[in-house]
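**Student:** Please read through the structure below; I'll follow up with questions.
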Amino acid sequence: WLDLRLIARVEFETAQLNRFQSLVAAFQPTRFLDCGANFGLYSVLIGQARADLKIEAFEPVDTTRWKLIANLGLNGLIDRVKVHPVALSNAAGQAEIEIDPRSSGVATLSATLEERARRDFARRQTVPLVRLDDYLNLKDERLALKIDVEGHELAALAGMDRTIRDNQCLVQVETRDHTRAAVQAWFMDHGYTALGMIAEDAYYANEPLVTI
């Protein structure tokens with residue numbers, strides 16, 4: 001669904017993309033973590049804008065990850081983006097991710113009853129789970145993170161507690177109605193400042209940012 005929308009040049013989350021790119025320009029990160037990379041929209045756009053940036057793209061769903069790798073190759077970024085075939089969570093292990101074949105962007109480890117009623121989760125895949133804190137040893141860096149994990153954001157954040165505390169971070173995180181307040185409380189507890197919301201996406205940083 002999203003692929004076809006972009007091919008037809010129909011706008012998709014333009015406000016969110018513009019906001020994140022503006023914040024990235026002000027923040028000047030050294031590394032970008034695309035958590036829930038899907039087919040690589042953010043990795044490609046951020047990678048094209050910042051040739052000096054290290055990029056880590058996390059995408060556990062096989063079919064989606066193949067599209068991600070193809071898109072990185074088509075855009076000359078295959079050697080600059082490290083693709084990780086894992087899902088971020090609060091504990092290492094394995095779990096079954098539910099996949100709607102009609103749209104790669106809605107695969108989820110945390111489907112609600114309402115989502116199961118309206119989505120066609122016709123496919124499932126067992127995927128490896130990792131805690132970001134254990135998976136990558138990141139300290140004293142400038143990190144930009146885009147977190148889009150379809151309702152699994154609280155578990156993903158719990159697994160990156162040390163990363164969020166030990167680095168200067170700019171974060172865009174997609175939330176749900178039932179996770180939004182808890183996500184904000186989590187960031188406030190970690191000393192972050194809220195930088196507003198666009199639709200379901202919330203923005204946080206642990207240093208002052210001035211954007212145009």
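Residues in the structure tokens are numbered from 1 in each chain, the chains being A, B, ... in the order shown, and ligands are numbered from 1 in the order shown.
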If we count only C-alpha atoms, what is near range 98-110 of chain A at a cut-off of 8 Å, once residues fewer than 4 positions away on the same chain are taken out, given as a PyMOL selection string?
**Tutor:** chain A and resi 1-2+38-39+61+64+119-125+149-152
**Student:** Which range 110-180 of chain A residues have any atom within 7 Å of an atom of range 79-93 of chain A, and for each, what is the nearest pair of atoms with distance in Å to one decimal, counting only C-alpha atoms, rows sorted by chain and number, as JSON lines?
**Tutor:**
{"residue": "A:Val127", "atom": "CA", "partner": "A:Val86", "partner_atom": "CA", "distance": 6.6}
{"residue": "A:Pro128", "atom": "CA", "partner": "A:Val86", "partner_atom": "CA", "distance": 5.3}
{"residue": "A:Leu129", "atom": "CA", "partner": "A:Ala87", "partner_atom": "CA", "distance": 4.9}
{"residue": "A:Val130", "atom": "CA", "partner": "A:Ala92", "partner_atom": "CA", "distance": 4.4}
{"residue": "A:Arg131", "atom": "CA", "partner": "A:Ser89", "partner_atom": "CA", "distance": 5.5}
{"residue": "A:Leu132", "atom": "CA", "partner": "A:Leu88", "partner_atom": "CA", "distance": 6.3}
{"residue": "A:Ala155", "atom": "CA", "partner": "A:Asn90", "partner_atom": "CA", "distance": 4.9}
{"residue": "A:Ala156", "atom": "CA", "partner": "A:Ser89", "partner_atom": "CA", "distance": 4.1}
{"residue": "A:Ala158", "atom": "CA", "partner": "A:Asn90", "partner_atom": "CA", "distance": 5.2}
{"residue": "A:Gly159", "atom": "CA", "partner": "A:Asn90", "partner_atom": "CA", "distance": 4.1}
**Student:** Can you work out the spacing between CA of His190 in chain A and CA of Phe27 in chain A in Å, to one decimal?
**Tutor:** 18.4 Å
**Student:** Would you list the contacts of range 170-173 of chain A as a PyMOL selection string, taking every protein, DNA or RNA residue within 7 Å and counting only C-alpha atoms, but skipping same-chain residues closer than 5 positions in sequence?
**Tutor:** chain A and resi 143-148+201-205
**Student:** Go ahead and save the picked residues with N, CA, C and O atoms, as a compact mmCIF listing (two decimals), in the first residue's frame.
**Tutor:**
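The resulting file, out_33.txt, is reproduced below:
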# COMPACT_ATOMS: atom_id res chain seq x y z
N LEU A 143 23.03 10.64 18.76
CA LEU A 143 22.18 9.69 18.07
C LEU A 143 20.84 10.32 17.68
O LEU A 143 20.20 10.98 18.49
N ALA A 144 20.44 10.09 16.44
CA ALA A 144 19.06 10.37 16.02
C ALA A 144 18.37 9.03 15.87
O ALA A 144 18.91 8.10 15.25
N LEU A 145 17.18 8.90 16.46
CA LEU A 145 16.44 7.65 16.40
C LEU A 145 15.05 7.90 15.85
O LEU A 145 14.35 8.83 16.28
N LYS A 146 14.64 7.08 14.88
CA LYS A 146 13.25 7.03 14.45
C LYS A 146 12.71 5.67 14.89
O LYS A 146 13.22 4.63 14.50
N ILE A 147 11.71 5.68 15.76
CA ILE A 147 11.17 4.44 16.33
C ILE A 147 9.73 4.29 15.84
O ILE A 147 8.85 5.06 16.21
N ASP A 148 9.52 3.29 15.00
CA ASP A 148 8.20 3.02 14.44
C ASP A 148 8.00 1.51 14.50
O ASP A 148 8.32 0.79 13.55
N ASP A 201 3.15 10.78 15.90
CA ASP A 201 4.59 10.84 16.12
C ASP A 201 4.96 11.92 17.12
O ASP A 201 4.59 13.10 16.95
N ALA A 202 5.71 11.52 18.16
CA ALA A 202 6.17 12.43 19.20
C ALA A 202 7.67 12.64 19.06
O ALA A 202 8.40 11.73 18.63
N TYR A 203 8.14 13.83 19.44
CA TYR A 203 9.54 14.22 19.27
C TYR A 203 10.12 14.59 20.63
O TYR A 203 9.50 15.33 21.40
N TYR A 204 11.35 14.10 20.90
CA TYR A 204 12.02 14.35 22.16
C TYR A 204 13.51 14.55 21.93
O TYR A 204 14.09 14.02 20.98
N ALA A 205 14.14 15.32 22.82
CA ALA A 205 15.59 15.48 22.79
C ALA A 205 16.07 15.79 24.21
O ALA A 205 15.29 16.30 25.04
**Student:** Give the strand (DSSP E) residues of range 10-178 of chain A, as DSSP finds them on the backbone, and put them as a PDB file with N, CA, C and O atoms, in the first residue's frame.
**Tutor:**
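Done, and the output landed in part-v3.pdb:
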ATOM      1  N   ARG A  31      25.171   9.393  14.241  1.00  0.00           N
ATOM      2  CA  ARG A  31      24.623   8.086  13.884  1.00  0.00           C
ATOM      3  C   ARG A  31      23.095   8.168  13.884  1.00  0.00           C
ATOM      4  O   ARG A  31      22.504   8.828  14.735  1.00  0.00           O
ATOM      5  N   PHE A  32      22.480   7.477  12.927  1.00  0.00           N
ATOM      6  CA  PHE A  32      21.021   7.409  12.836  1.00  0.00           C
ATOM      7  C   PHE A  32      20.586   5.970  13.019  1.00  0.00           C
ATOM      8  O   PHE A  32      21.070   5.071  12.327  1.00  0.00           O
ATOM      9  N   LEU A  33      19.668   5.738  13.945  1.00  0.00           N
ATOM     10  CA  LEU A  33      19.100   4.420  14.185  1.00  0.00           C
ATOM     11  C   LEU A  33      17.662   4.413  13.671  1.00  0.00           C
ATOM     12  O   LEU A  33      16.805   5.110  14.218  1.00  0.00           O
ATOM     13  N   ASP A  34      17.426   3.648  12.615  1.00  0.00           N
ATOM     14  CA  ASP A  34      16.103   3.532  12.003  1.00  0.00           C
ATOM     15  C   ASP A  34      15.455   2.269  12.568  1.00  0.00           C
ATOM     16  O   ASP A  34      15.663   1.158  12.063  1.00  0.00           O
ATOM     17  N   CYS A  35      14.671   2.427  13.610  1.00  0.00           N
ATOM     18  CA  CYS A  35      14.121   1.298  14.369  1.00  0.00           C
ATOM     19  C   CYS A  35      12.715   0.984  13.853  1.00  0.00           C
ATOM     20  O   CYS A  35      11.751   1.676  14.189  1.00  0.00           O
ATOM     21  N   LYS A  54      26.593   7.632  10.042  1.00  0.00           N
ATOM     22  CA  LYS A  54      26.479   6.180  10.163  1.00  0.00           C
ATOM     23  C   LYS A  54      25.001   5.839  10.347  1.00  0.00           C
ATOM     24  O   LYS A  54      24.303   6.509  11.122  1.00  0.00           O
ATOM     25  N   ILE A  55      24.530   4.802   9.674  1.00  0.00           N
ATOM     26  CA  ILE A  55      23.114   4.451   9.752  1.00  0.00           C
ATOM     27  C   ILE A  55      22.959   2.983  10.107  1.00  0.00           C
ATOM     28  O   ILE A  55      23.590   2.114   9.496  1.00  0.00           O
ATOM     29  N   GLU A  56      22.119   2.714  11.123  1.00  0.00           N
ATOM     30  CA  GLU A  56      21.776   1.361  11.545  1.00  0.00           C
ATOM     31  C   GLU A  56      20.276   1.190  11.299  1.00  0.00           C
ATOM     32  O   GLU A  56      19.463   1.919  11.881  1.00  0.00           O
ATOM     33  N   ALA A  57      19.910   0.242  10.430  1.00  0.00           N
ATOM     34  CA  ALA A  57      18.502   0.030  10.089  1.00  0.00           C
ATOM     35  C   ALA A  57      18.053  -1.327  10.619  1.00  0.00           C
ATOM     36  O   ALA A  57      18.646  -2.358  10.293  1.00  0.00           O
ATOM     37  N   PHE A  58      17.000  -1.325  11.430  1.00  0.00           N
ATOM     38  CA  PHE A  58      16.482  -2.537  12.054  1.00  0.00           C
ATOM     39  C   PHE A  58      15.169  -2.933  11.384  1.00  0.00           C
ATOM     40  O   PHE A  58      14.190  -2.174  11.423  1.00  0.00           O
ATOM     41  N   VAL A  81      24.729   1.787   4.982  1.00  0.00           N
ATOM     42  CA  VAL A  81      23.687   1.452   5.951  1.00  0.00           C
ATOM     43  C   VAL A  81      23.873   0.006   6.388  1.00  0.00           C
ATOM     44  O   VAL A  81      23.888  -0.904   5.566  1.00  0.00           O
ATOM     45  N   LYS A  82      24.003  -0.213   7.693  1.00  0.00           N
ATOM     46  CA  LYS A  82      24.089  -1.572   8.218  1.00  0.00           C
ATOM     47  C   LYS A  82      22.681  -2.039   8.552  1.00  0.00           C
ATOM     48  O   LYS A  82      21.976  -1.411   9.341  1.00  0.00           O
ATOM     49  N   VAL A  83      22.254  -3.130   7.926  1.00  0.00           N
ATOM     50  CA  VAL A  83      20.901  -3.648   8.106  1.00  0.00           C
ATOM     51  C   VAL A  83      20.929  -4.773   9.146  1.00  0.00           C
ATOM     52  O   VAL A  83      21.701  -5.727   9.019  1.00  0.00           O
ATOM     53  N   HIS A  84      20.074  -4.652  10.156  1.00  0.00           N
ATOM     54  CA  HIS A  84      20.020  -5.615  11.253  1.00  0.00           C
ATOM     55  C   HIS A  84      18.702  -6.389  11.172  1.00  0.00           C
ATOM     56  O   HIS A  84      17.621  -5.796  11.297  1.00  0.00           O
ATOM     57  N   ALA A  87      14.353  -7.550  15.802  1.00  0.00           N
ATOM     58  CA  ALA A  87      13.357  -6.629  16.360  1.00  0.00           C
ATOM     59  C   ALA A  87      13.844  -6.146  17.719  1.00  0.00           C
ATOM     60  O   ALA A  87      14.414  -6.925  18.498  1.00  0.00           O
ATOM     61  N   LEU A  88      13.623  -4.883  18.010  1.00  0.00           N
ATOM     62  CA  LEU A  88      14.032  -4.314  19.297  1.00  0.00           C
ATOM     63  C   LEU A  88      12.929  -4.520  20.323  1.00  0.00           C
ATOM     64  O   LEU A  88      11.758  -4.229  20.068  1.00  0.00           O
ATOM     65  N   GLY A  93      15.439 -12.926  22.785  1.00  0.00           N
ATOM     66  CA  GLY A  93      14.697 -14.170  22.592  1.00  0.00           C
ATOM     67  C   GLY A  93      14.119 -14.237  21.199  1.00  0.00           C
ATOM     68  O   GLY A  93      14.721 -13.755  20.229  1.00  0.00           O
ATOM     69  N   GLN A  94      12.927 -14.796  21.096  1.00  0.00           N
ATOM     70  CA  GLN A  94      12.210 -14.886  19.835  1.00  0.00           C
ATOM     71  C   GLN A  94      10.734 -14.597  20.078  1.00  0.00           C
ATOM     72  O   GLN A  94      10.230 -14.801  21.186  1.00  0.00           O
ATOM     73  N   ALA A  95      10.059 -14.125  19.047  1.00  0.00           N
ATOM     74  CA  ALA A  95       8.619 -13.881  19.139  1.00  0.00           C
ATOM     75  C   ALA A  95       8.024 -13.956  17.752  1.00  0.00           C
ATOM     76  O   ALA A  95       8.730 -13.829  16.737  1.00  0.00           O
ATOM     77  N   GLU A  96       6.734 -14.151  17.710  1.00  0.00           N
ATOM     78  CA  GLU A  96       6.026 -14.223  16.439  1.00  0.00           C
ATOM     79  C   GLU A  96       5.482 -12.846  16.094  1.00  0.00           C
ATOM     80  O   GLU A  96       4.721 -12.257  16.870  1.00  0.00           O
ATOM     81  N   ILE A  97       5.892 -12.344  14.939  1.00  0.00           N
ATOM     82  CA  ILE A  97       5.392 -11.053  14.481  1.00  0.00           C
ATOM     83  C   ILE A  97       4.253 -11.296  13.505  1.00  0.00           C
ATOM     84  O   ILE A  97       4.308 -12.215  12.681  1.00  0.00           O
ATOM     85  N   GLU A  98       3.187 -10.499  13.628  1.00  0.00           N
ATOM     86  CA  GLU A  98       2.008 -10.640  12.776  1.00  0.00           C
ATOM     87  C   GLU A  98       2.130  -9.671  11.600  1.00  0.00           C
ATOM     88  O   GLU A  98       2.430  -8.493  11.784  1.00  0.00           O
ATOM     89  N   ILE A  99       1.883 -10.176  10.393  1.00  0.00           N
ATOM     90  CA  ILE A  99       2.152  -9.431   9.170  1.00  0.00           C
ATOM     91  C   ILE A  99       0.884  -9.332   8.333  1.00  0.00           C
ATOM     92  O   ILE A  99       0.245 -10.340   8.044  1.00  0.00           O
ATOM     93  N   ARG A 123      -0.234 -13.540   7.767  1.00  0.00           N
ATOM     94  CA  ARG A 123       1.081 -14.162   7.770  1.00  0.00           C
ATOM     95  C   ARG A 123       1.776 -13.904   9.094  1.00  0.00           C
ATOM     96  O   ARG A 123       1.575 -12.859   9.723  1.00  0.00           O
ATOM     97  N   ARG A 124       2.581 -14.870   9.519  1.00  0.00           N
ATOM     98  CA  ARG A 124       3.353 -14.723  10.747  1.00  0.00           C
ATOM     99  C   ARG A 124       4.775 -15.187  10.509  1.00  0.00           C
ATOM    100  O   ARG A 124       5.019 -16.048   9.677  1.00  0.00           O
ATOM    101  N   GLN A 125       5.695 -14.601  11.252  1.00  0.00           N
ATOM    102  CA  GLN A 125       7.098 -15.002  11.148  1.00  0.00           C
ATOM    103  C   GLN A 125       7.720 -14.944  12.535  1.00  0.00           C
ATOM    104  O   GLN A 125       7.494 -13.997  13.297  1.00  0.00           O
ATOM    105  N   THR A 126       8.500 -15.935  12.878  1.00  0.00           N
ATOM    106  CA  THR A 126       9.248 -15.907  14.127  1.00  0.00           C
ATOM    107  C   THR A 126      10.508 -15.081  13.907  1.00  0.00           C
ATOM    108  O   THR A 126      11.291 -15.358  12.985  1.00  0.00           O
ATOM    109  N   VAL A 127      10.698 -14.051  14.739  1.00  0.00           N
ATOM    110  CA  VAL A 127      11.822 -13.132  14.555  1.00  0.00           C
ATOM    111  C   VAL A 127      12.656 -13.072  15.829  1.00  0.00           C
ATOM    112  O   VAL A 127      12.146 -13.272  16.942  1.00  0.00           O
ATOM    113  N   PRO A 128      13.960 -12.797  15.697  1.00  0.00           N
ATOM    114  CA  PRO A 128      14.804 -12.634  16.885  1.00  0.00           C
ATOM    115  C   PRO A 128      14.564 -11.295  17.551  1.00  0.00           C
ATOM    116  O   PRO A 128      14.394 -10.269  16.874  1.00  0.00           O
ATOM    117  N   LEU A 129      14.539 -11.306  18.875  1.00  0.00           N
ATOM    118  CA  LEU A 129      14.394 -10.091  19.669  1.00  0.00           C
ATOM    119  C   LEU A 129      15.722  -9.758  20.339  1.00  0.00           C
ATOM    120  O   LEU A 129      16.428 -10.652  20.820  1.00  0.00           O
ATOM    121  N   VAL A 130      16.059  -8.481  20.378  1.00  0.00           N
ATOM    122  CA  VAL A 130      17.266  -8.035  21.083  1.00  0.00           C
ATOM    123  C   VAL A 130      16.948  -6.792  21.889  1.00  0.00           C
ATOM    124  O   VAL A 130      16.012  -6.043  21.578  1.00  0.00           O
ATOM    125  N   ARG A 142      26.192  11.130  19.467  1.00  0.00           N
ATOM    126  CA  ARG A 142      25.027  11.941  19.117  1.00  0.00           C
ATOM    127  C   ARG A 142      24.151  11.080  18.207  1.00  0.00           C
ATOM    128  O   ARG A 142      24.519  10.820  17.054  1.00  0.00           O
ATOM    129  N   LEU A 143      23.026  10.641  18.755  1.00  0.00           N
ATOM    130  CA  LEU A 143      22.175   9.685  18.066  1.00  0.00           C
ATOM    131  C   LEU A 143      20.845  10.317  17.677  1.00  0.00           C
ATOM    132  O   LEU A 143      20.201  10.978  18.492  1.00  0.00           O
ATOM    133  N   ALA A 144      20.440  10.088  16.441  1.00  0.00           N
ATOM    134  CA  ALA A 144      19.064  10.370  16.016  1.00  0.00           C
ATOM    135  C   ALA A 144      18.369   9.028  15.866  1.00  0.00           C
ATOM    136  O   ALA A 144      18.910   8.103  15.252  1.00  0.00           O
ATOM    137  N   LEU A 145      17.184   8.896  16.464  1.00  0.00           N
ATOM    138  CA  LEU A 145      16.438   7.647  16.399  1.00  0.00           C
ATOM    139  C   LEU A 145      15.047   7.898  15.851  1.00  0.00           C
ATOM    140  O   LEU A 145      14.350   8.828  16.284  1.00  0.00           O
ATOM    141  N   LYS A 146      14.639   7.077  14.884  1.00  0.00           N
ATOM    142  CA  LYS A 146      13.250   7.026  14.448  1.00  0.00           C
ATOM    143  C   LYS A 146      12.711   5.673  14.893  1.00  0.00           C
ATOM    144  O   LYS A 146      13.223   4.635  14.501  1.00  0.00           O
ATOM    145  N   ILE A 147      11.707   5.684  15.764  1.00  0.00           N
ATOM    146  CA  ILE A 147      11.169   4.444  16.332  1.00  0.00           C
ATOM    147  C   ILE A 147       9.733   4.290  15.841  1.00  0.00           C
ATOM    148  O   ILE A 147       8.849   5.059  16.211  1.00  0.00           O
ATOM    149  N   GLN A 168      23.674  11.699  23.724  1.00  0.00           N
ATOM    150  CA  GLN A 168      22.827  12.820  23.343  1.00  0.00           C
ATOM    151  C   GLN A 168      21.907  12.307  22.251  1.00  0.00           C
ATOM    152  O   GLN A 168      22.387  11.793  21.237  1.00  0.00           O
ATOM    153  N   CYS A 169      20.598  12.427  22.454  1.00  0.00           N
ATOM    154  CA  CYS A 169      19.664  11.789  21.530  1.00  0.00           C
ATOM    155  C   CYS A 169      18.548  12.720  21.083  1.00  0.00           C
ATOM    156  O   CYS A 169      18.019  13.515  21.868  1.00  0.00           O
ATOM    157  N   LEU A 170      18.210  12.582  19.814  1.00  0.00           N
ATOM    158  CA  LEU A 170      17.013  13.154  19.215  1.00  0.00           C
ATOM    159  C   LEU A 170      16.138  11.982  18.804  1.00  0.00           C
ATOM    160  O   LEU A 170      16.625  11.057  18.149  1.00  0.00           O
ATOM    161  N   VAL A 171      14.858  12.001  19.188  1.00  0.00           N
ATOM    162  CA  VAL A 171      13.995  10.843  18.954  1.00  0.00           C
ATOM    163  C   VAL A 171      12.680  11.260  18.318  1.00  0.00           C
ATOM    164  O   VAL A 171      12.033  12.217  18.770  1.00  0.00           O
ATOM    165  N   GLN A 172      12.300  10.551  17.259  1.00  0.00           N
ATOM    166  CA  GLN A 172      10.931  10.566  16.755  1.00  0.00           C
ATOM    167  C   GLN A 172      10.356   9.191  17.023  1.00  0.00           C
ATOM    168  O   GLN A 172      10.897   8.184  16.560  1.00  0.00           O
ATOM    169  N   VAL A 173       9.269   9.110  17.772  1.00  0.00           N
ATOM    170  CA  VAL A 173       8.675   7.821  18.121  1.00  0.00           C
ATOM    171  C   VAL A 173       7.189   7.830  17.791  1.00  0.00           C
ATOM    172  O   VAL A 173       6.456   8.729  18.207  1.00  0.00           O
ATOM    173  N   GLU A 174       6.767   6.837  17.029  1.00  0.00           N
ATOM    174  CA  GLU A 174       5.341   6.683  16.746  1.00  0.00           C
ATOM    175  C   GLU A 174       4.672   6.042  17.953  1.00  0.00           C
ATOM    176  O   GLU A 174       5.167   5.041  18.480  1.00  0.00           O
TER     177      GLU A 174
END
**Student:** Determine, counting only C-alpha atoms, which protein, DNA and RNA residues have an atom within 9 Å of an atom of Glu200 in chain A; residues of the same chain fewer than 3 positions away are not included. Present the result as a PyMOL selection string.
**Tutor:** chain A and resi 173-177+180+197
**Student:** Mind listing the helix (DSSP H, G or I) residues of range 6-201 of chain A, per DSSP on the backbone, as a PyMOL selection string?
**Tutor:** chain A and resi 6-7+14-27+41-49+62-74+104-106+113-118+132-135+153-158+161-166+180-189
**Student:** Point out the residue among A:Leu195, A:Asp140, A:Ala111, A:Asp133 with the least atom-to-atom distance to His178 in chain A, counting only C-alpha atoms.
**Tutor:** A:Ala111
**Student:** One decimal, in Å: what's the spacing between CA of Leu154 in chain A and CA of Ala182 in chain A?
**Tutor:** 7.7 Å
